[in-house]
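As stored in work32.txt (compact mmCIF, C-alpha atoms and all ligand atoms):
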```
# COMPACT_ATOMS: atom_id res chain seq x y z
CA MET R 1 91.18 -189.81 155.34
CA THR R 2 90.89 -191.63 152.01
CA SER R 3 92.07 -189.99 148.82
CA TYR R 4 90.21 -190.15 145.54
CA ASP R 5 90.49 -188.95 141.96
CA VAL R 6 87.64 -188.11 139.64
CA TYR R 7 88.02 -189.16 136.01
CA HIS R 8 85.58 -189.12 133.16
CA GLY R 9 85.49 -190.98 129.88
CA THR R 10 83.39 -189.02 127.37
CA GLY R 11 81.35 -187.58 130.25
CA ASN R 12 80.80 -190.87 132.13
CA ALA R 13 82.29 -189.81 135.49
CA PHE R 14 83.85 -191.96 138.22
CA ALA R 15 85.51 -191.49 141.58
CA ILE R 16 88.56 -193.75 141.76
CA VAL R 17 89.89 -195.05 145.06
CA ASP R 18 92.82 -197.31 145.87
CA ALA R 19 91.14 -200.51 147.13
CA ASP R 20 93.82 -200.90 149.80
CA GLU R 21 92.92 -197.48 151.25
CA ALA R 22 89.14 -197.92 151.26
CA PRO R 23 87.60 -198.70 154.64
CA GLU R 24 84.58 -200.51 153.14
CA LYS R 25 83.15 -200.46 149.64
CA THR R 26 79.34 -200.26 149.40
CA ALA R 27 78.39 -197.40 151.74
CA PHE R 28 81.66 -195.57 151.11
CA GLY R 29 81.29 -195.86 147.33
CA THR R 30 77.64 -194.86 147.35
CA ASP R 31 78.33 -191.81 149.53
CA LEU R 32 81.16 -190.76 147.24
CA CYS R 33 78.90 -191.07 144.18
CA ARG R 34 76.37 -188.84 145.90
CA SER R 35 78.76 -186.19 147.21
CA LEU R 36 80.76 -185.91 143.98
CA ASP R 37 77.76 -186.41 141.67
CA VAL R 38 79.50 -189.16 139.67
CA ASP R 39 78.15 -192.27 137.93
CA GLY R 40 80.11 -194.74 140.04
CA THR R 41 83.00 -195.34 142.42
CA LEU R 42 85.78 -197.60 141.15
CA PHE R 43 87.93 -199.44 143.68
CA LEU R 44 91.22 -200.48 142.12
CA GLY R 45 93.74 -202.91 143.54
CA ILE R 46 97.08 -202.71 141.74
CA GLU R 47 98.98 -206.00 141.41
CA ASP R 48 102.24 -207.12 139.76
CA GLY R 49 103.58 -203.58 139.63
CA GLY R 50 100.64 -202.40 137.54
CA ALA R 51 100.57 -205.24 135.02
CA ARG R 52 97.21 -206.17 136.56
CA ALA R 53 94.56 -204.46 138.65
CA THR R 54 91.27 -205.64 140.12
CA MET R 55 88.31 -203.35 139.41
CA THR R 56 85.15 -203.16 141.53
CA LEU R 57 82.37 -200.73 140.56
CA VAL R 58 79.90 -199.49 143.17
CA GLN R 59 77.02 -197.58 141.59
CA PRO R 60 74.99 -194.69 143.02
CA ASP R 61 72.19 -197.05 144.15
CA GLY R 62 74.68 -199.29 146.00
CA SER R 63 74.63 -202.07 143.39
CA ARG R 64 77.77 -203.51 141.83
CA ALA R 65 78.18 -204.08 138.11
CA ALA R 66 80.39 -206.79 136.64
CA MET R 67 81.84 -204.51 133.98
CA CYS R 68 81.96 -200.88 132.91
CA GLY R 69 83.57 -199.89 129.61
CA ASN R 70 84.21 -196.22 130.32
CA GLY R 71 85.12 -197.04 133.90
CA ALA R 72 87.71 -199.51 132.59
CA ARG R 73 89.18 -196.81 130.37
CA CYS R 74 89.45 -194.42 133.33
CA ALA R 75 90.79 -197.19 135.57
CA ALA R 76 93.53 -198.08 133.10
CA LYS R 77 94.57 -194.43 132.86
CA TRP R 78 94.67 -194.17 136.69
CA VAL R 79 96.83 -197.31 136.98
CA SER R 80 99.09 -196.11 134.17
CA GLU R 81 99.63 -192.73 135.85
CA ARG R 82 100.69 -194.50 139.07
CA THR R 83 102.85 -197.24 137.63
CA GLY R 84 104.04 -196.05 134.21
CA ARG R 85 102.47 -199.15 132.59
CA ASP R 86 100.86 -198.55 129.19
CA VAL R 87 99.53 -202.07 128.76
CA LEU R 88 97.72 -203.75 131.63
CA THR R 89 94.95 -206.19 132.39
CA LEU R 90 91.94 -205.29 134.52
CA GLU R 91 90.34 -208.15 136.40
CA THR R 92 86.59 -207.48 136.27
CA GLY R 93 83.47 -209.44 137.17
CA ALA R 94 83.06 -210.12 133.46
CA GLY R 95 86.60 -211.48 133.09
CA PRO R 96 90.02 -210.02 132.32
CA ARG R 97 90.10 -206.96 130.07
CA ARG R 98 93.36 -205.92 128.39
CA CYS R 99 93.84 -202.16 128.19
CA THR R 100 96.27 -200.04 126.18
CA VAL R 101 96.97 -196.46 127.23
CA GLU R 102 98.22 -193.96 124.61
CA GLY R 103 98.35 -190.53 126.26
CA ASP R 104 94.79 -189.75 127.32
CA VAL R 105 93.29 -192.25 124.89
CA VAL R 106 92.59 -195.73 126.24
CA THR R 107 91.55 -198.85 124.34
CA VAL R 108 89.88 -201.72 126.18
CA GLU R 109 89.49 -205.22 124.75
CA MET R 110 85.85 -205.84 125.56
CA GLY R 111 85.43 -209.54 124.82
CA THR R 112 82.69 -211.14 122.73
CA PRO R 113 79.12 -209.81 122.97
CA SER R 114 76.60 -212.55 123.69
CA PHE R 115 72.97 -212.70 122.60
CA ALA R 116 72.47 -216.06 124.35
CA PRO R 117 69.48 -215.90 126.72
CA ALA R 118 71.43 -217.40 129.63
CA ASP R 119 74.22 -214.86 129.19
CA VAL R 120 72.17 -211.65 128.88
CA PRO R 121 70.38 -212.97 131.06
CA LEU R 122 66.81 -213.33 129.82
CA ALA R 123 63.86 -214.97 131.56
CA ARG R 124 63.16 -217.13 128.50
CA GLU R 125 64.91 -219.60 126.25
CA ALA R 126 64.91 -217.69 122.97
CA ALA R 127 67.18 -214.76 122.12
CA LEU R 128 65.49 -211.35 122.06
CA VAL R 129 66.31 -209.91 118.64
CA ASP R 130 64.48 -206.94 117.14
CA GLU R 131 61.30 -207.72 119.07
CA GLU R 132 58.70 -205.23 120.28
CA LEU R 133 58.99 -204.37 123.97
CA ASP R 134 57.11 -201.43 125.45
CA GLY R 135 56.79 -199.74 122.07
CA TYR R 136 60.39 -200.23 120.86
CA ASP R 137 62.04 -202.89 118.70
CA VAL R 138 64.55 -204.20 121.20
CA THR R 139 67.57 -206.49 120.92
CA ALA R 140 69.15 -207.84 124.11
CA VAL R 141 72.90 -208.42 124.38
CA ASN R 142 75.48 -208.82 127.12
CA THR R 143 78.72 -206.87 126.59
CA GLY R 144 79.90 -207.44 130.17
CA VAL R 145 76.57 -206.27 131.57
CA PRO R 146 73.03 -206.63 130.15
CA HIS R 147 71.88 -204.17 127.50
CA ALA R 148 68.67 -203.52 125.60
CA VAL R 149 69.24 -201.72 122.28
CA ALA R 150 66.60 -200.08 120.10
CA PHE R 151 67.17 -198.10 116.93
CA VAL R 152 65.13 -194.93 116.41
CA ASP R 153 65.13 -192.14 113.81
CA ASP R 154 66.35 -189.42 116.20
CA VAL R 155 67.66 -190.11 119.72
CA ARG R 156 67.20 -186.46 120.76
CA SER R 157 63.45 -186.41 120.24
CA VAL R 158 62.81 -189.21 122.78
CA GLU R 159 61.93 -188.63 126.46
CA LEU R 160 64.44 -191.21 127.68
CA ALA R 161 63.54 -190.79 131.36
CA GLU R 162 59.99 -191.87 130.49
CA VAL R 163 60.52 -194.58 127.90
CA ALA R 164 63.55 -196.36 129.41
CA PRO R 165 62.34 -197.47 132.90
CA PRO R 166 59.66 -199.93 131.66
CA ILE R 167 62.29 -201.67 129.49
CA ARG R 168 65.00 -201.44 132.17
CA HIS R 169 62.65 -203.23 134.63
CA HIS R 170 60.88 -205.49 132.09
CA GLU R 171 60.24 -209.01 133.40
CA VAL R 172 62.22 -210.50 130.50
CA PHE R 173 65.38 -209.10 132.19
CA PRO R 174 65.65 -210.85 135.58
CA GLU R 175 68.71 -208.75 136.47
CA GLY R 176 67.44 -205.60 134.74
CA ALA R 177 69.09 -203.99 131.72
CA ASN R 178 70.75 -200.80 130.62
CA VAL R 179 68.62 -199.19 127.91
CA ASN R 180 70.24 -197.75 124.78
CA LEU R 181 68.61 -195.81 121.99
CA ALA R 182 70.66 -195.42 118.83
CA ALA R 183 70.16 -193.63 115.53
CA ALA R 184 72.22 -194.00 112.36
CA ARG R 185 74.10 -190.80 111.46
CA ALA R 186 74.05 -189.50 107.90
CA GLY R 187 77.84 -189.74 107.56
CA GLY R 188 78.12 -193.16 109.23
CA GLY R 189 78.19 -194.29 112.85
CA PHE R 190 75.47 -193.90 115.46
CA ASP R 191 74.17 -191.39 117.96
CA GLN R 192 73.69 -192.96 121.41
CA ARG R 193 71.65 -192.24 124.50
CA THR R 194 71.76 -194.61 127.46
CA TYR R 195 69.68 -194.97 130.62
CA GLU R 196 71.89 -196.85 133.06
CA ARG R 197 70.89 -199.50 135.54
CA GLY R 198 72.38 -198.61 138.93
CA VAL R 199 72.55 -194.91 138.11
CA GLU R 200 68.83 -195.03 137.31
CA SER R 201 69.07 -192.12 134.93
CA GLU R 202 70.68 -191.11 131.67
CA THR R 203 74.47 -190.83 131.62
CA GLN R 204 76.61 -188.80 129.23
CA ALA R 205 78.17 -191.98 127.83
CA CYS R 206 78.19 -195.74 128.36
CA GLY R 207 81.02 -197.86 126.96
CA THR R 208 79.42 -201.28 127.24
CA GLY R 209 76.32 -199.64 125.72
CA ALA R 210 78.31 -198.29 122.77
CA VAL R 211 79.73 -201.78 122.15
CA ALA R 212 76.18 -203.18 122.46
CA ILE R 213 74.93 -200.76 119.79
CA ALA R 214 77.71 -201.76 117.39
CA ALA R 215 77.17 -205.48 118.09
CA VAL R 216 73.42 -205.22 117.54
CA ALA R 217 73.85 -203.13 114.37
CA ALA R 218 76.16 -205.84 113.00
CA ARG R 219 73.76 -208.62 114.06
CA LEU R 220 70.87 -206.86 112.31
CA GLY R 221 72.98 -206.33 109.18
CA SER R 222 73.06 -202.51 109.31
CA ILE R 223 76.88 -202.44 109.41
CA PRO R 224 79.58 -204.93 108.37
CA GLU R 225 80.43 -207.66 110.89
CA THR R 226 84.04 -206.47 111.12
CA GLY R 227 85.67 -203.05 111.11
CA GLU R 228 85.44 -199.89 113.19
CA VAL R 229 82.35 -197.80 113.87
CA THR R 230 81.96 -194.50 115.74
CA VAL R 231 79.26 -194.39 118.41
CA SER R 232 78.50 -190.92 119.73
CA PRO R 233 76.82 -190.46 123.12
CA PRO R 234 76.22 -186.86 124.32
CA GLY R 235 79.69 -186.81 125.97
CA GLY R 236 81.81 -187.42 122.85
CA ASP R 237 82.85 -190.03 120.32
CA LEU R 238 83.76 -193.66 121.04
CA ALA R 239 85.43 -195.95 118.48
CA ILE R 240 84.19 -199.52 118.55
CA GLY R 241 86.20 -202.24 116.88
CA LEU R 242 84.51 -205.41 115.64
CA ARG R 243 87.15 -208.07 115.01
CA GLU R 244 87.09 -211.18 112.86
CA ASP R 245 87.25 -213.47 115.91
CA GLY R 246 84.05 -211.89 117.27
CA THR R 247 85.76 -209.88 119.99
CA THR R 248 85.32 -206.11 120.33
CA THR R 249 87.32 -203.07 121.41
CA LEU R 250 86.33 -199.73 122.93
CA ARG R 251 88.55 -196.67 122.39
CA GLY R 252 88.12 -193.10 123.59
CA PRO R 253 89.52 -190.22 125.62
CA THR R 254 89.84 -189.98 129.40
CA GLU R 255 90.36 -186.96 131.65
CA ARG R 256 91.16 -186.44 135.35
CA THR R 257 89.09 -183.53 136.68
CA LEU R 258 89.57 -183.61 140.45
CA THR R 259 91.70 -185.00 143.24
CA GLY R 260 90.61 -184.88 146.88
CA GLU R 261 90.30 -186.55 150.25
CA VAL R 262 87.28 -187.71 152.19
CA SER R 263 86.88 -188.53 155.83
CA ASP R 264 86.32 -192.26 156.56
CA ALA R 265 83.93 -191.55 159.43
N1 LIG R 301 78.78 -196.84 132.38
C1 LIG R 301 79.18 -198.14 132.16
C2 LIG R 301 78.24 -199.25 132.52
C3 LIG R 301 78.15 -199.43 134.05
C4 LIG R 301 77.33 -200.62 134.49
C5 LIG R 301 75.85 -200.45 134.31
N2 LIG R 301 75.31 -199.26 134.91
C6 LIG R 301 75.12 -201.69 134.84
O1 LIG R 301 74.62 -201.70 135.99
O2 LIG R 301 75.06 -202.66 134.10
C7 LIG R 301 79.96 -198.35 130.89
O3 LIG R 301 80.63 -197.41 130.45
O4 LIG R 301 79.97 -199.45 130.35
```

Would you kindly transcribe this structure into structure tokens?
Amino acid sequence: MTSYDVYHGTGNAFAIVDADEAPEKTAFGTDLCRSLDVDGTLFLGIEDGGARATMTLVQPDGSRAAMCGNGARCAAKWVSERTGRDVLTLETGAGPRRCTVEGDVVTVEMGTPSFAPADVPLAREAALVDEELDGYDVTAVNTGVPHAVAFVDDVRSVELAEVAPPIRHHEVFPEGANVNLAAARAGGGFDQRTYERGVESETQACGTGAVAIAAVAARLGSIPETGEVTVSPPGGDLAIGLREDGTTTLRGPTERTLTGEVSDA
């Protein structure tokens, strides 16, 4: 038997498994996503007494993603509950990510968003900034994984399941892209809806997507280049920090909802 916990970060839900206990990752992780109806399975390998942990995300379609913002928040909380560490570094496919745990609230240092075509990646040599793609003005950015961001008047009035797939699979994105729609809120901040690559549907929140929205808003001049902005997916509020050195932070709540065991056979 292998034990698991289910955590969510603003509605983005993950099964978390100790990497040392997992028999195999891809089929096991995919099956767990399906049986628990979660957005991914995180395999965590604790090192140095919890000062560091390796994070591997297997998504419902069997793919692996280099980084996951909300997953990193849940992962840090899981490691902290096991080791008592409040500050730790997650080793991800997108590089090390420092996390700070304060009760149920976790902040992840998300690195520097890149609009460079090779980094997104894009199948062309020019950045994609506020350019029409399948009916939306899209900006492409990598915040650990590739994102397409488009600003609309009202995120709720869009049929995301219809409009997102053509952008998600557009030939300009050789590795695909997560698709985010964002709308400025009257009191400041942004509403968010995200269609996730690998889940192949809308999720209740996406951390790298929230950082992408803030980074694109700053690039397009809709918000200051530094400071904090609230991005609100359906699952709750996320605070995004834009720092003077170009790096970003993601802060928000986490919650454990389930603990169980699954047969390895
Ligand atoms: N939900 C995540 C993003 C997970 C990776 C994404 N689906 C991809 O394949 O790029 C987040 O909170 O950042």

Would you tabulate, counting all atoms listed in the file, all residues of segment 227-252 of chain R that have an atom at most 8 Å from an atom of segment 207-223 of chain R, showing the closest pair of atoms and their distance in Å to one decimal, sorted by chain then ascending number, as CSV?
```
residue,atom,partner,partner_atom,distance
R:Val229,CA,R:Ala214,CA,7.0
R:Val231,CA,R:Ala210,CA,5.9
R:Ser232,CA,R:Ala210,CA,8.0
R:Pro233,CA,R:Ala210,CA,8.0
R:Leu238,CA,R:Ala210,CA,7.4
R:Ile240,CA,R:Val211,CA,6.2
R:Leu242,CA,R:Ala215,CA,7.7
R:Thr248,CA,R:Val211,CA,7.3
R:Thr249,CA,R:Val211,CA,7.7
R:Leu250,CA,R:Gly207,CA,6.9
```

Report task. Quote the spacing between atom CA of Thr2 of chain R and atom C3 of ligand LIG 301 (chain R) in Å to one decimal place. Result ->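 Taking atom CA of Thr2 of chain R and atom C3 of ligand LIG 301 (chain R), their separation equals 23.4 Å.
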
Query raised in the report: From the set R:Pro23, R:Gly9, R:Pro165, R:Pro234, which residue has the shortest atom-to-atom contact distance to Val262 of chain R, counting only C-alpha atoms?
Result: R:Pro23

Query raised in the report: With only C-alpha atoms and all ligand atoms as the atoms that count, which of R:Gly103, R:Pro121, R:Gly241, R:Gly69 lies nearest to ligand LIG 301 (chain R)?
Result: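 Checking each of R:Gly103, R:Pro121, R:Gly241, R:Gly69 against ligand LIG 301 (chain R), counting only C-alpha atoms and all ligand atoms, the winner is R:Gly69.
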
Could you work out an axis-aligned bounding box for all listed atoms of segment 10-27 of chain R, with 3 Å added on each of the six sides, and give its centre and edge lengths in Å to one decimal, as JSON?
```
{"center_x": 86.1, "center_y": -194.2, "center_z": 141.0, "size_x": 21.4, "size_y": 19.3, "size_z": 33.3}
```

Report task. List all protein, DNA and RNA residues that have an atom no more than 8 Å from any atom of ligand LIG 301 (chain R), counting only C-alpha atoms and all ligand atoms, and report them as number ranges by chain. Result -> R: 12, 39-40, 57, 59, 63-72, 144-147, 177-178, 196-199, 203, 205-210

Report task. Select, from R:Gln192, R:Pro224, R:Ala148, R:Val120, the residue with the minimum atom-to-atom distance to Glu132 of chain R, counting all atoms listed in the file. Result -> R:Ala148

Query raised in the report: Which distance in Å separates atom CA of Thr254 of chain R and atom CA of Thr112 of chain R, to one decimal?
Result: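 Separating atom CA of Thr254 of chain R from atom CA of Thr112 of chain R is a distance of 23.3 Å.
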
Report task. Extract, using all atoms listed in the file, all DNA, RNA and protein residues at most 9 Å from Ala27 of chain R, discarding same-chain residues fewer than 3 positions from it, and format them as a VMD selection string. Result -> chain R and resid 24 30 to 32 58 62

Query raised in the report: Which value, in Å to one decimal, gives the distance between atom CA of Ala183 of chain R and atom CA of Gly236 of chain R?
Result: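 It comes out at 15.1 Å.
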
**Report entry** Closest of R:Leu36, R:Arg185, R:Thr10, R:Met1 to Leu258 of chain R - atom-to-atom distances counting all atoms listed in the file
**Finding:**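 Selected residue with least distance to Leu258 of chain R: R:Leu36.
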
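For the choices R:Asp134, R:Asp5, R:Glu21, R:Glu261, the atom-to-atom distance to Trp78 of chain R is smallest for R:Asp5 when using all atoms listed in the file.
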
Report task. Identify the residues within 8 Å of coordinate (94.4, -189.8, 127.6) (same frame as the file), considering all atoms listed in the file, and give the answer as a PyMOL selection string. Result -> chain R and resi 77+101-106+253-255

Report summary line: Nearest to Ala22 of chain R, restricted to only C-alpha atoms and choosing among R:Val79, R:Leu42, R:Val163, R:Ala116, comes out as R:Leu42
